[in-house]
file run00.csv (CSV, C-alpha atoms and all ligand atoms)
chain,number,residue,atom,x,y,z
A,11,MET,CA,0.0,0.0,0.0
A,12,SER,CA,1.5,3.4,-0.9
A,13,VAL,CA,0.8,6.4,1.2
A,14,ASP,CA,0.3,9.9,-0.2
A,15,PHE,CA,2.3,11.7,2.5
A,16,LYS,CA,1.5,15.2,1.1
A,17,ARG,CA,-2.2,14.5,1.4
A,18,VAL,CA,-2.0,12.9,4.8
A,19,ARG,CA,0.1,15.9,5.9
A,20,SER,CA,-2.5,18.4,4.7
A,21,LEU,CA,-5.3,16.4,6.4
A,22,PHE,CA,-3.6,16.2,9.8
A,23,GLY,CA,-2.2,19.7,9.8
A,24,GLU,CA,1.5,20.1,9.0
A,25,SER,CA,3.0,20.5,12.4
A,26,LEU,CA,1.1,17.6,13.9
A,27,PHE,CA,2.0,15.3,11.0
A,28,ASP,CA,5.6,16.3,11.1
A,29,ALA,CA,5.8,15.6,14.8
A,30,ILE,CA,4.2,12.2,14.5
A,31,TYR,CA,6.2,11.3,11.4
A,32,SER,CA,9.6,12.2,12.8
A,33,CYS,CA,8.8,10.4,16.1
A,34,GLN,CA,8.0,7.3,14.1
A,35,ARG,CA,11.1,7.6,12.0
A,36,ARG,CA,13.2,8.0,15.2
A,37,ALA,CA,11.6,4.9,16.7
A,38,ALA,CA,12.0,2.9,13.6
A,39,SER,CA,15.7,3.6,13.4
A,40,SER,CA,16.3,3.2,17.1
A,41,SER,CA,18.9,0.7,18.1
A,42,SER,CA,16.3,-1.9,19.4
A,43,SER,CA,14.5,-1.7,16.1
A,44,LYS,CA,17.8,-2.2,14.2
A,45,ARG,CA,18.6,-5.1,16.4
A,46,TRP,CA,15.2,-6.6,15.7
A,47,VAL,CA,15.8,-6.4,11.9
A,48,GLN,CA,19.3,-7.6,12.2
A,49,ARG,CA,18.3,-10.6,14.3
A,50,LYS,CA,15.6,-11.5,11.8
A,51,THR,CA,17.8,-11.3,8.7
A,52,SER,CA,20.8,-13.2,10.3
A,53,ASP,CA,18.5,-15.9,11.7
A,54,VAL,CA,19.0,-19.2,9.8
A,55,TYR,CA,15.4,-20.4,10.5
A,56,PHE,CA,14.0,-17.1,9.2
A,57,ARG,CA,16.0,-17.3,6.0
A,58,ASP,CA,15.2,-21.1,5.6
A,59,ALA,CA,11.5,-20.4,6.0
A,60,LYS,CA,11.6,-17.8,3.2
A,61,VAL,CA,13.5,-20.2,0.9
A,62,LYS,CA,11.1,-23.0,1.5
A,63,GLY,CA,7.9,-20.9,1.1
A,64,LEU,CA,6.9,-21.3,4.8
A,65,ARG,CA,5.0,-18.5,6.3
A,66,SER,CA,7.2,-18.3,9.5
A,67,ARG,CA,10.2,-19.8,11.2
A,68,ALA,CA,7.8,-21.4,13.7
A,69,ALA,CA,7.3,-24.2,11.1
A,70,PHE,CA,10.7,-25.7,12.2
A,71,LYS,CA,9.6,-26.1,15.8
A,72,LEU,CA,6.6,-28.3,14.7
A,73,LEU,CA,8.7,-30.2,12.1
A,74,GLU,CA,11.2,-31.1,14.9
A,75,ILE,CA,8.4,-32.1,17.2
A,76,HIS,CA,6.9,-34.3,14.5
A,77,GLN,CA,10.3,-35.8,13.7
A,78,ASN,CA,10.7,-36.8,17.4
A,79,HIS,CA,7.1,-37.9,18.2
A,80,LYS,CA,5.5,-38.9,14.9
A,81,ILE,CA,2.4,-36.8,15.3
A,82,PHE,CA,0.8,-36.7,11.9
A,83,LYS,CA,-0.6,-39.4,9.6
A,84,PRO,CA,-2.4,-39.3,6.2
A,85,GLY,CA,-6.1,-38.6,6.4
A,86,GLN,CA,-6.1,-37.0,9.9
A,87,THR,CA,-8.2,-34.1,11.1
A,88,VAL,CA,-6.1,-31.4,12.7
A,89,VAL,CA,-7.3,-28.3,14.6
A,90,ASP,CA,-4.6,-25.5,14.7
A,91,LEU,CA,-5.4,-23.0,17.4
A,92,GLY,CA,-3.7,-19.6,16.9
A,93,PHE,CA,-2.7,-20.5,13.3
A,94,ALA,CA,-1.7,-17.1,11.9
A,95,PRO,CA,0.3,-16.5,9.8
A,96,GLY,CA,0.0,-20.2,9.1
A,97,SER,CA,3.3,-22.1,9.0
A,98,TRP,CA,2.1,-24.8,11.4
A,99,THR,CA,-1.0,-25.2,9.3
A,100,GLN,CA,1.3,-25.6,6.2
A,101,VAL,CA,3.2,-28.4,8.0
A,102,ALA,CA,-0.1,-30.1,9.1
A,103,VAL,CA,-1.6,-30.0,5.5
A,104,ASP,CA,1.6,-31.4,4.1
A,105,ARG,CA,1.9,-34.3,6.7
A,106,THR,CA,-1.8,-35.3,6.6
A,107,ARG,CA,-1.9,-35.8,2.8
A,108,PRO,CA,-3.8,-37.4,1.2
A,109,ASN,CA,-7.3,-36.8,2.4
A,110,GLY,CA,-6.4,-34.9,5.6
A,111,ARG,CA,-8.3,-31.8,6.8
A,112,VAL,CA,-6.8,-28.9,8.7
A,113,ILE,CA,-8.7,-26.1,10.2
A,114,GLY,CA,-7.0,-23.0,11.7
A,115,ILE,CA,-8.5,-20.6,14.2
A,116,ASP,CA,-7.1,-17.1,14.9
A,117,LEU,CA,-8.1,-13.8,16.4
A,118,LEU,CA,-6.4,-12.1,13.5
A,119,PRO,CA,-7.6,-12.0,9.9
A,120,ALA,CA,-5.3,-14.3,7.9
A,121,ALA,CA,-5.9,-16.3,4.8
A,122,PRO,CA,-5.4,-20.0,5.4
A,123,PRO,CA,-2.6,-21.8,3.5
A,124,LYS,CA,-3.7,-23.9,0.4
A,125,GLY,CA,-5.5,-27.0,1.5
A,126,ALA,CA,-6.6,-25.7,4.9
A,127,SER,CA,-9.7,-23.8,6.2
A,128,ALA,CA,-9.9,-21.0,8.8
A,129,ILE,CA,-12.2,-19.4,11.2
A,130,GLN,CA,-11.4,-16.0,12.5
A,131,GLY,CA,-12.4,-15.3,16.1
A,132,ASP,CA,-11.4,-15.5,19.8
A,133,PHE,CA,-10.9,-19.1,20.6
A,134,LEU,CA,-11.7,-18.3,24.3
A,135,SER,CA,-15.3,-17.3,23.3
A,136,PRO,CA,-17.9,-20.2,23.8
A,137,GLN,CA,-19.7,-19.0,20.6
A,138,ILE,CA,-16.5,-19.5,18.5
A,139,GLN,CA,-15.9,-22.9,20.0
A,140,ALA,CA,-19.5,-23.9,19.1
A,141,ILE,CA,-18.8,-22.8,15.5
A,142,ILE,CA,-15.6,-24.9,15.4
A,143,LYS,CA,-17.5,-27.9,16.8
A,144,ASP,CA,-20.3,-27.6,14.3
A,145,TYR,CA,-17.7,-27.5,11.5
A,146,LEU,CA,-16.0,-30.6,12.9
A,147,CYS,CA,-19.3,-32.5,12.9
A,148,GLU,CA,-19.4,-32.5,9.1
A,149,PRO,CA,-16.7,-35.2,8.4
A,150,ASP,CA,-15.9,-34.0,4.8
A,151,LEU,CA,-16.1,-30.3,5.4
A,152,GLY,CA,-12.6,-28.8,4.7
A,153,ARG,CA,-11.2,-32.0,3.1
A,154,PRO,CA,-9.6,-31.1,-0.2
A,155,THR,CA,-12.1,-32.4,-2.8
A,156,ASP,CA,-9.4,-33.5,-5.3
A,157,GLU,CA,-8.3,-36.1,-2.7
A,158,ARG,CA,-11.8,-37.5,-1.9
A,159,GLU,CA,-13.1,-40.7,-3.5
A,160,ASP,CA,-16.7,-39.5,-3.4
A,161,THR,CA,-15.9,-36.6,-5.8
A,162,VAL,CA,-15.5,-38.9,-8.8
A,163,ASP,CA,-18.6,-40.1,-10.9
A,164,GLU,CA,-19.3,-43.6,-12.0
A,165,ASN,CA,-17.1,-43.1,-15.1
A,166,GLY,CA,-14.2,-42.1,-13.1
A,167,MET,CA,-14.6,-38.4,-14.1
A,168,ARG,CA,-13.9,-35.8,-11.4
A,169,LEU,CA,-17.1,-33.9,-10.4
A,170,GLY,CA,-17.2,-30.1,-10.6
A,171,TYR,CA,-17.2,-27.9,-7.5
A,172,ILE,CA,-20.9,-27.0,-7.8
A,173,ASP,CA,-22.0,-30.7,-8.1
A,174,ILE,CA,-19.9,-31.6,-5.0
A,175,GLU,CA,-21.4,-28.7,-3.0
A,176,ARG,CA,-24.9,-29.7,-4.0
A,177,ALA,CA,-24.4,-33.3,-3.0
A,178,ILE,CA,-23.4,-32.5,0.6
A,179,ASP,CA,-26.1,-33.3,3.1
A,180,ARG,CA,-26.1,-30.4,5.5
A,181,THR,CA,-29.2,-31.3,7.5
A,182,PRO,CA,-28.3,-30.6,11.1
A,183,SER,CA,-29.0,-33.4,13.5
A,184,PRO,CA,-31.6,-31.9,15.9
A,185,SER,CA,-31.1,-34.3,18.8
A,186,THR,CA,-27.4,-33.8,19.7
A,187,SER,CA,-25.6,-30.7,20.7
A,188,SER,CA,-22.5,-29.7,18.7
A,189,ALA,CA,-20.3,-30.5,21.7
A,190,GLN,CA,-21.6,-34.1,21.8
A,191,SER,CA,-21.4,-34.8,18.1
A,192,ALA,CA,-17.9,-33.2,17.8
A,193,ALA,CA,-16.6,-35.8,20.2
A,194,ASP,CA,-13.9,-38.1,18.7
A,195,THR,CA,-13.8,-36.0,15.4
A,196,VAL,CA,-10.2,-34.7,15.8
A,197,ASP,CA,-6.9,-36.6,15.6
A,198,VAL,CA,-4.5,-33.7,16.6
A,199,VAL,CA,-5.1,-30.5,18.5
A,200,LEU,CA,-2.3,-27.9,18.1
A,201,SER,CA,-2.1,-24.7,20.1
A,202,ASP,CA,0.7,-22.2,19.4
A,203,MET,CA,-1.5,-19.4,20.8
A,204,SER,CA,0.1,-16.6,22.6
A,205,GLU,CA,-1.7,-13.4,23.7
A,206,PRO,CA,-1.0,-10.7,21.1
A,207,TRP,CA,0.4,-7.4,22.3
A,208,PRO,CA,0.6,-4.1,20.5
A,209,PRO,CA,4.3,-3.4,19.6
A,210,ILE,CA,6.2,-0.5,21.0
A,211,PHE,CA,7.8,0.5,17.7
A,212,SER,CA,7.6,0.0,14.0
A,213,PHE,CA,3.8,-0.2,13.4
A,214,TRP,CA,4.2,2.6,11.0
A,215,SER,CA,6.1,0.6,8.4
A,216,PHE,CA,3.5,-2.3,8.2
A,217,THR,CA,0.2,-2.5,6.4
A,218,LEU,CA,-3.3,-3.6,7.2
A,219,SER,CA,-2.8,-6.6,5.0
A,220,GLN,CA,-0.2,-8.0,7.4
A,221,PRO,CA,-1.8,-7.4,10.8
A,222,PHE,CA,0.1,-10.2,12.5
A,223,PHE,CA,3.4,-8.3,11.9
A,224,ARG,CA,2.0,-5.4,13.9
A,225,LEU,CA,1.6,-7.5,17.0
A,226,MET,CA,4.1,-9.1,19.4
A,227,ASN,CA,3.7,-12.5,20.9
A,228,THR,CA,4.8,-11.7,24.4
A,229,SER,CA,4.4,-8.7,26.7
A,230,GLY,CA,8.0,-9.0,28.0
A,231,ILE,CA,6.5,-9.3,31.6
A,232,THR,CA,7.5,-12.9,32.6
A,233,PHE,CA,4.7,-13.5,35.0
A,234,ARG,CA,2.0,-12.0,32.7
A,235,ASP,CA,3.2,-14.1,29.7
A,236,HIS,CA,3.1,-17.2,31.9
A,237,ALA,CA,-0.3,-16.5,33.4
A,238,THR,CA,-2.0,-15.7,30.0
A,239,SER,CA,-0.4,-18.8,28.4
A,240,MET,CA,-1.8,-21.0,31.2
A,241,ASP,CA,-5.3,-19.6,30.5
A,242,LEU,CA,-4.8,-20.5,26.8
A,243,VAL,CA,-3.5,-24.0,27.3
A,244,ASN,CA,-6.2,-24.9,29.8
A,245,SER,CA,-8.8,-23.7,27.4
A,246,ALA,CA,-7.2,-25.6,24.6
A,247,LEU,CA,-7.0,-28.8,26.7
A,248,ALA,CA,-10.7,-28.5,27.6
A,249,PHE,CA,-11.5,-28.2,23.9
A,250,ALA,CA,-9.2,-31.2,23.1
A,251,LEU,CA,-11.1,-33.2,25.7
A,252,ASP,CA,-14.4,-32.5,23.9
A,253,THR,CA,-13.1,-33.3,20.4
A,254,LEU,CA,-10.0,-35.6,20.5
A,255,ARG,CA,-10.5,-39.2,19.6
A,256,PRO,CA,-9.0,-41.9,21.9
A,257,GLY,CA,-5.3,-42.1,21.0
A,258,GLY,CA,-5.2,-38.6,19.7
A,259,ALA,CA,-2.4,-36.0,20.2
A,260,PHE,CA,-2.2,-32.6,21.8
A,261,ILE,CA,0.6,-30.1,21.4
A,262,CYS,CA,0.6,-26.7,23.2
A,263,LYS,CA,3.0,-23.8,23.7
A,264,PHE,CA,3.4,-22.3,27.1
A,265,TYR,CA,5.7,-19.8,28.8
A,266,ALA,CA,7.4,-21.5,31.7
A,267,GLY,CA,6.5,-20.4,35.3
A,268,ALA,CA,5.0,-21.4,38.6
A,269,GLU,CA,1.9,-23.1,37.3
A,270,ASP,CA,3.2,-25.3,34.5
A,271,ALA,CA,4.0,-28.3,36.7
A,272,PHE,CA,0.4,-28.3,37.9
A,273,PHE,CA,-0.8,-28.2,34.3
A,274,GLU,CA,1.6,-31.0,33.4
A,275,ARG,CA,-0.1,-33.2,36.1
A,276,LYS,CA,-3.4,-32.6,34.5
A,277,LEU,CA,-2.0,-33.6,31.1
A,278,ARG,CA,-0.6,-36.9,32.6
A,279,LYS,CA,-4.1,-37.8,33.7
A,280,VAL,CA,-5.4,-37.4,30.1
A,281,PHE,CA,-2.5,-38.8,28.0
A,282,ASP,CA,-0.4,-41.9,28.0
A,283,ARG,CA,2.8,-39.9,27.1
A,284,VAL,CA,3.6,-36.3,28.0
A,285,LYS,CA,7.0,-34.7,27.1
A,286,ARG,CA,8.3,-31.1,27.5
A,287,GLU,CA,10.1,-29.9,24.4
A,288,LYS,CA,12.3,-26.9,23.6
A,289,PRO,CA,12.8,-27.2,19.8
A,290,ALA,CA,16.1,-25.8,18.4
A,291,ALA,CA,14.2,-23.1,16.5
A,292,SER,CA,12.8,-21.8,19.8
A,293,ARG,CA,15.1,-18.9,21.0
A,294,SER,CA,17.1,-19.9,24.0
A,295,GLU,CA,16.4,-16.6,25.8
A,296,SER,CA,12.6,-17.2,25.5
A,297,LYS,CA,10.7,-18.9,28.3
A,298,GLU,CA,8.6,-20.6,25.5
A,299,GLN,CA,8.3,-24.4,25.7
A,300,TYR,CA,5.9,-27.0,24.4
A,301,PHE,CA,4.0,-29.9,25.9
A,302,VAL,CA,3.8,-32.8,23.5
A,303,CYS,CA,1.1,-35.3,24.5
A,304,ASN,CA,0.3,-38.6,22.8
A,305,GLY,CA,-2.3,-41.3,23.4
A,306,ARG,CA,-5.5,-39.6,24.7
A,307,LYS,CA,-7.1,-41.9,27.2
A,308,ALA,CA,-10.8,-42.6,26.5
A,309,SER,CA,-11.6,-42.9,30.2
A,310,VAL,CA,-11.0,-39.2,31.1
A,311,SER,CA,-13.6,-36.6,30.3
A,312,LYS,CA,-13.6,-32.8,30.5
A,313,GLN,CA,-15.8,-32.9,33.6
A,314,ASP,CA,-13.3,-35.2,35.4
A,315,LEU,CA,-10.6,-32.6,34.9
A,316,TYR,CA,-12.4,-29.3,35.0
A,317,GLY,CA,-15.9,-29.9,36.5
A,318,ASP,CA,-18.3,-27.4,34.9
A,319,LEU,CA,-15.6,-24.7,34.5
A,320,TYR,CA,-15.6,-24.8,30.7
A,321,ASP,CA,-19.3,-25.6,30.1
B,1,LIG,C1,2.9,-17.3,17.6
B,1,LIG,S1,1.5,-17.0,16.7
B,1,LIG,C2,1.2,-18.5,15.9
B,1,LIG,C3,2.2,-18.9,14.8
B,1,LIG,C4,1.7,-20.1,14.0
B,1,LIG,N1,1.8,-21.3,14.8
B,1,LIG,C5,2.5,-20.2,12.8
B,1,LIG,O1,3.2,-21.2,12.7
B,1,LIG,O2,2.4,-19.4,11.9
B,1,LIG,C6,0.3,-17.0,17.9
B,1,LIG,C7,-1.1,-16.7,17.4
B,1,LIG,O3,-2.1,-17.0,18.4
B,1,LIG,C8,-3.2,-16.1,18.1
B,1,LIG,N2,-4.1,-16.1,19.3
B,1,LIG,C9,-3.7,-15.7,20.6
B,1,LIG,N3,-4.8,-15.7,21.4
B,1,LIG,C10,-5.8,-16.2,20.6
B,1,LIG,C11,-7.2,-16.5,20.9
B,1,LIG,N4,-7.7,-16.3,22.1
B,1,LIG,N5,-8.0,-16.9,19.9
B,1,LIG,C12,-7.5,-17.1,18.7
B,1,LIG,N6,-6.2,-16.9,18.4
B,1,LIG,C13,-5.3,-16.4,19.3
B,1,LIG,C14,-2.5,-14.8,17.8
B,1,LIG,O4,-3.4,-13.9,17.2
B,1,LIG,C15,-1.4,-15.2,17.0
B,1,LIG,O5,-1.7,-15.1,15.6
call {"tool": "encode", "arguments": {"input": "run00.csv", "output": "structure tokens"}}
result
Amino acid sequence: MSVDFKRVRSLFGESLFDAIYSCQRRAASSSSSKRWVQRKTSDVYFRDAKVKGLRSRAAFKLLEIHQNHKIFKPGQTVVDLGFAPGSWTQVAVDRTRPNGRVIGIDLLPAAPPKGASAIQGDFLSPQIQAIIKDYLCEPDLGRPTDEREDTVDENGMRLGYIDIERAIDRTPSPSTSSAQSAADTVDVVLSDMSEPWPPIFSFWSFTLSQPFFRLMNTSGITFRDHATSMDLVNSALAFALDTLRPGGAFICKFYAGAEDAFFERKLRKVFDRVKREKPAASRSESKEQYFVCNGRKASVSKQDLYGDLYD
């Protein structure tokens, strides 16, 4: 997007515009801003992500976790909480081919990568969770049509998009709530959510089409980052308990702190195997870590763990 500075200047009034503009220029060229740019461009994961067409360096964290724990299989349904800009979703789409389906949820507007679907909204809102569960109840919704067997006619010819859409039975089942019928629909729940914070510099240089660049993933206040991450992982786990099939996997990011051992004990009640991971692509100075959980136990329900807290 190009900005007509002369016009903006005349709209704002010259002195106000000059004051704001020079302040932004000073901030953008401040040493912390320069360090930020320098760190990005000299970062091997950042450069590798660009070369491989991945939307962010975060992809390498999930790839390492997958390499160590064999998370994905072809045909799986994956829910990616906090998916924007979408590199984890790219990895999930790639590793669940053929016939997988991946749905991303994010507060921010971001187009999903090819082969995935997205819902924009606050995952912590019960209404948004109900929308996700309704979506999951339709087993073929979001599955790439060119990989589905039912999209071929009796002569082996691929059906057109409109014929496929018309053939889908979308009659809602009146007797069951979305939460009940979304049970056992998901193979993997991913959560890389972190509370977005307004940045303290550089918003001037980015555009509305890249909103996630204008936000930071941490506040820099250790306790606050830890506490908000605990809210997000507990909510993600409650959702996973409603939707994960027995044997399913759950991966979530958290910022280490006083409450994480307590959360780990909860995870051990729900999953056969729970590991803490700090992938190589995760910066050593960051408190960020991941819980990687495999083998959801069928016997543990959301009510067993949380009572009616997340109803
Ligand atoms: C670190 S980024 C995720 C990066 C992503 N895994 C990737 O590989 O591109 C964290 C994301 O979580 C999202 N997020 C945080 N809280 C959220 C919430 N309550 N509901 C939905 N998305 C949320 C943020 O908007 C942000 O886009």
call {"tool": "closest_residue", "arguments": {"input": "run00.csv", "among": "A:Val101, A:Ala121, A:Ala68, A:Ile113", "to": "ligand LIG 1 (chain B)", "atoms": "all atoms listed in the file"}}
result
A:Ala68
call {"tool": "closest_atom_pairs", "arguments": {"input": "run00.csv", "of": "chain A", "to": "ligand LIG 1 (chain B)", "cutoff": "8 Å", "atoms": "only C-alpha atoms and all ligand atoms", "output": "tab-separated table"}}
result
residue	atom	partner	partner_atom	distance
A:Arg65	CA	B:LIG1	O2	6.2
A:Ser66	CA	B:LIG1	O2	5.5
A:Arg67	CA	B:LIG1	O1	7.3
A:Ala68	CA	B:LIG1	O1	4.7
A:Ala69	CA	B:LIG1	O1	5.3
A:Asp90	CA	B:LIG1	N1	7.7
A:Leu91	CA	B:LIG1	N6	6.2
A:Gly92	CA	B:LIG1	O3	3.4
A:Phe93	CA	B:LIG1	C4	4.5
A:Ala94	CA	B:LIG1	O5	4.2
A:Pro95	CA	B:LIG1	O2	4.2
A:Gly96	CA	B:LIG1	O2	3.8
A:Ser97	CA	B:LIG1	O1	3.8
A:Trp98	CA	B:LIG1	O1	4.0
A:Thr99	CA	B:LIG1	O1	6.7
A:Ile115	CA	B:LIG1	C12	5.8
A:Asp116	CA	B:LIG1	N6	3.6
A:Leu117	CA	B:LIG1	C12	4.1
A:Leu118	CA	B:LIG1	O4	5.1
A:Gln130	CA	B:LIG1	C12	7.4
A:Gly131	CA	B:LIG1	C12	5.8
A:Asp132	CA	B:LIG1	N5	3.7
A:Phe133	CA	B:LIG1	N5	3.7
A:Leu134	CA	B:LIG1	N4	5.0
A:Ser135	CA	B:LIG1	N4	7.8
A:Ser201	CA	B:LIG1	N1	7.4
A:Asp202	CA	B:LIG1	N1	4.8
A:Met203	CA	B:LIG1	O3	3.4
A:Ser204	CA	B:LIG1	C9	4.4
A:Glu205	CA	B:LIG1	C9	4.3
A:Pro206	CA	B:LIG1	C14	5.5
A:Phe222	CA	B:LIG1	O5	6.1
A:Asn227	CA	B:LIG1	C1	5.9
A:Leu242	CA	B:LIG1	N4	6.9
call {"tool": "closest_residue", "arguments": {"input": "run00.csv", "among": "A:Ser296, A:Glu164, A:Ala193, A:Ala128", "to": "Ser229 (chain A)", "atoms": "all atoms listed in the file"}}
result
A:Ser296
call {"tool": "closest_residue", "arguments": {"input": "run00.csv", "among": "A:Gly230, A:Pro108, A:Asp197, A:Thr253", "to": "Ile142 (chain A)", "atoms": "only C-alpha atoms"}}
result
A:Thr253
call {"tool": "axis_aligned_box", "arguments": {"input": "run00.csv", "around": "region 280-284 of chain A", "padding_each_side": "3 Å", "output": "lines of an AutoDock Vina configuration file"}}
result
center_x = -0.9
center_y = -39.1
center_z = 28.6
size_x = 15.0
size_y = 11.6
size_z = 9.0
call {"tool": "closest_residue", "arguments": {"input": "run00.csv", "among": "A:Thr161, A:Tyr265, A:Arg286, A:Val198", "to": "Lys80 (chain A)", "atoms": "all atoms listed in the file"}}
result
A:Val198
call {"tool": "atom_distance", "arguments": {"input": "run00.csv", "atom1": "CA of Gly170 (chain A)", "atom2": "CA of Gly125 (chain A)"}}
result
17.1 Å
call {"tool": "atom_distance", "arguments": {"input": "run00.csv", "atom1": "CA of Ile75 (chain A)", "atom2": "CA of Asn109 (chain A)"}}
result
22.1 Å
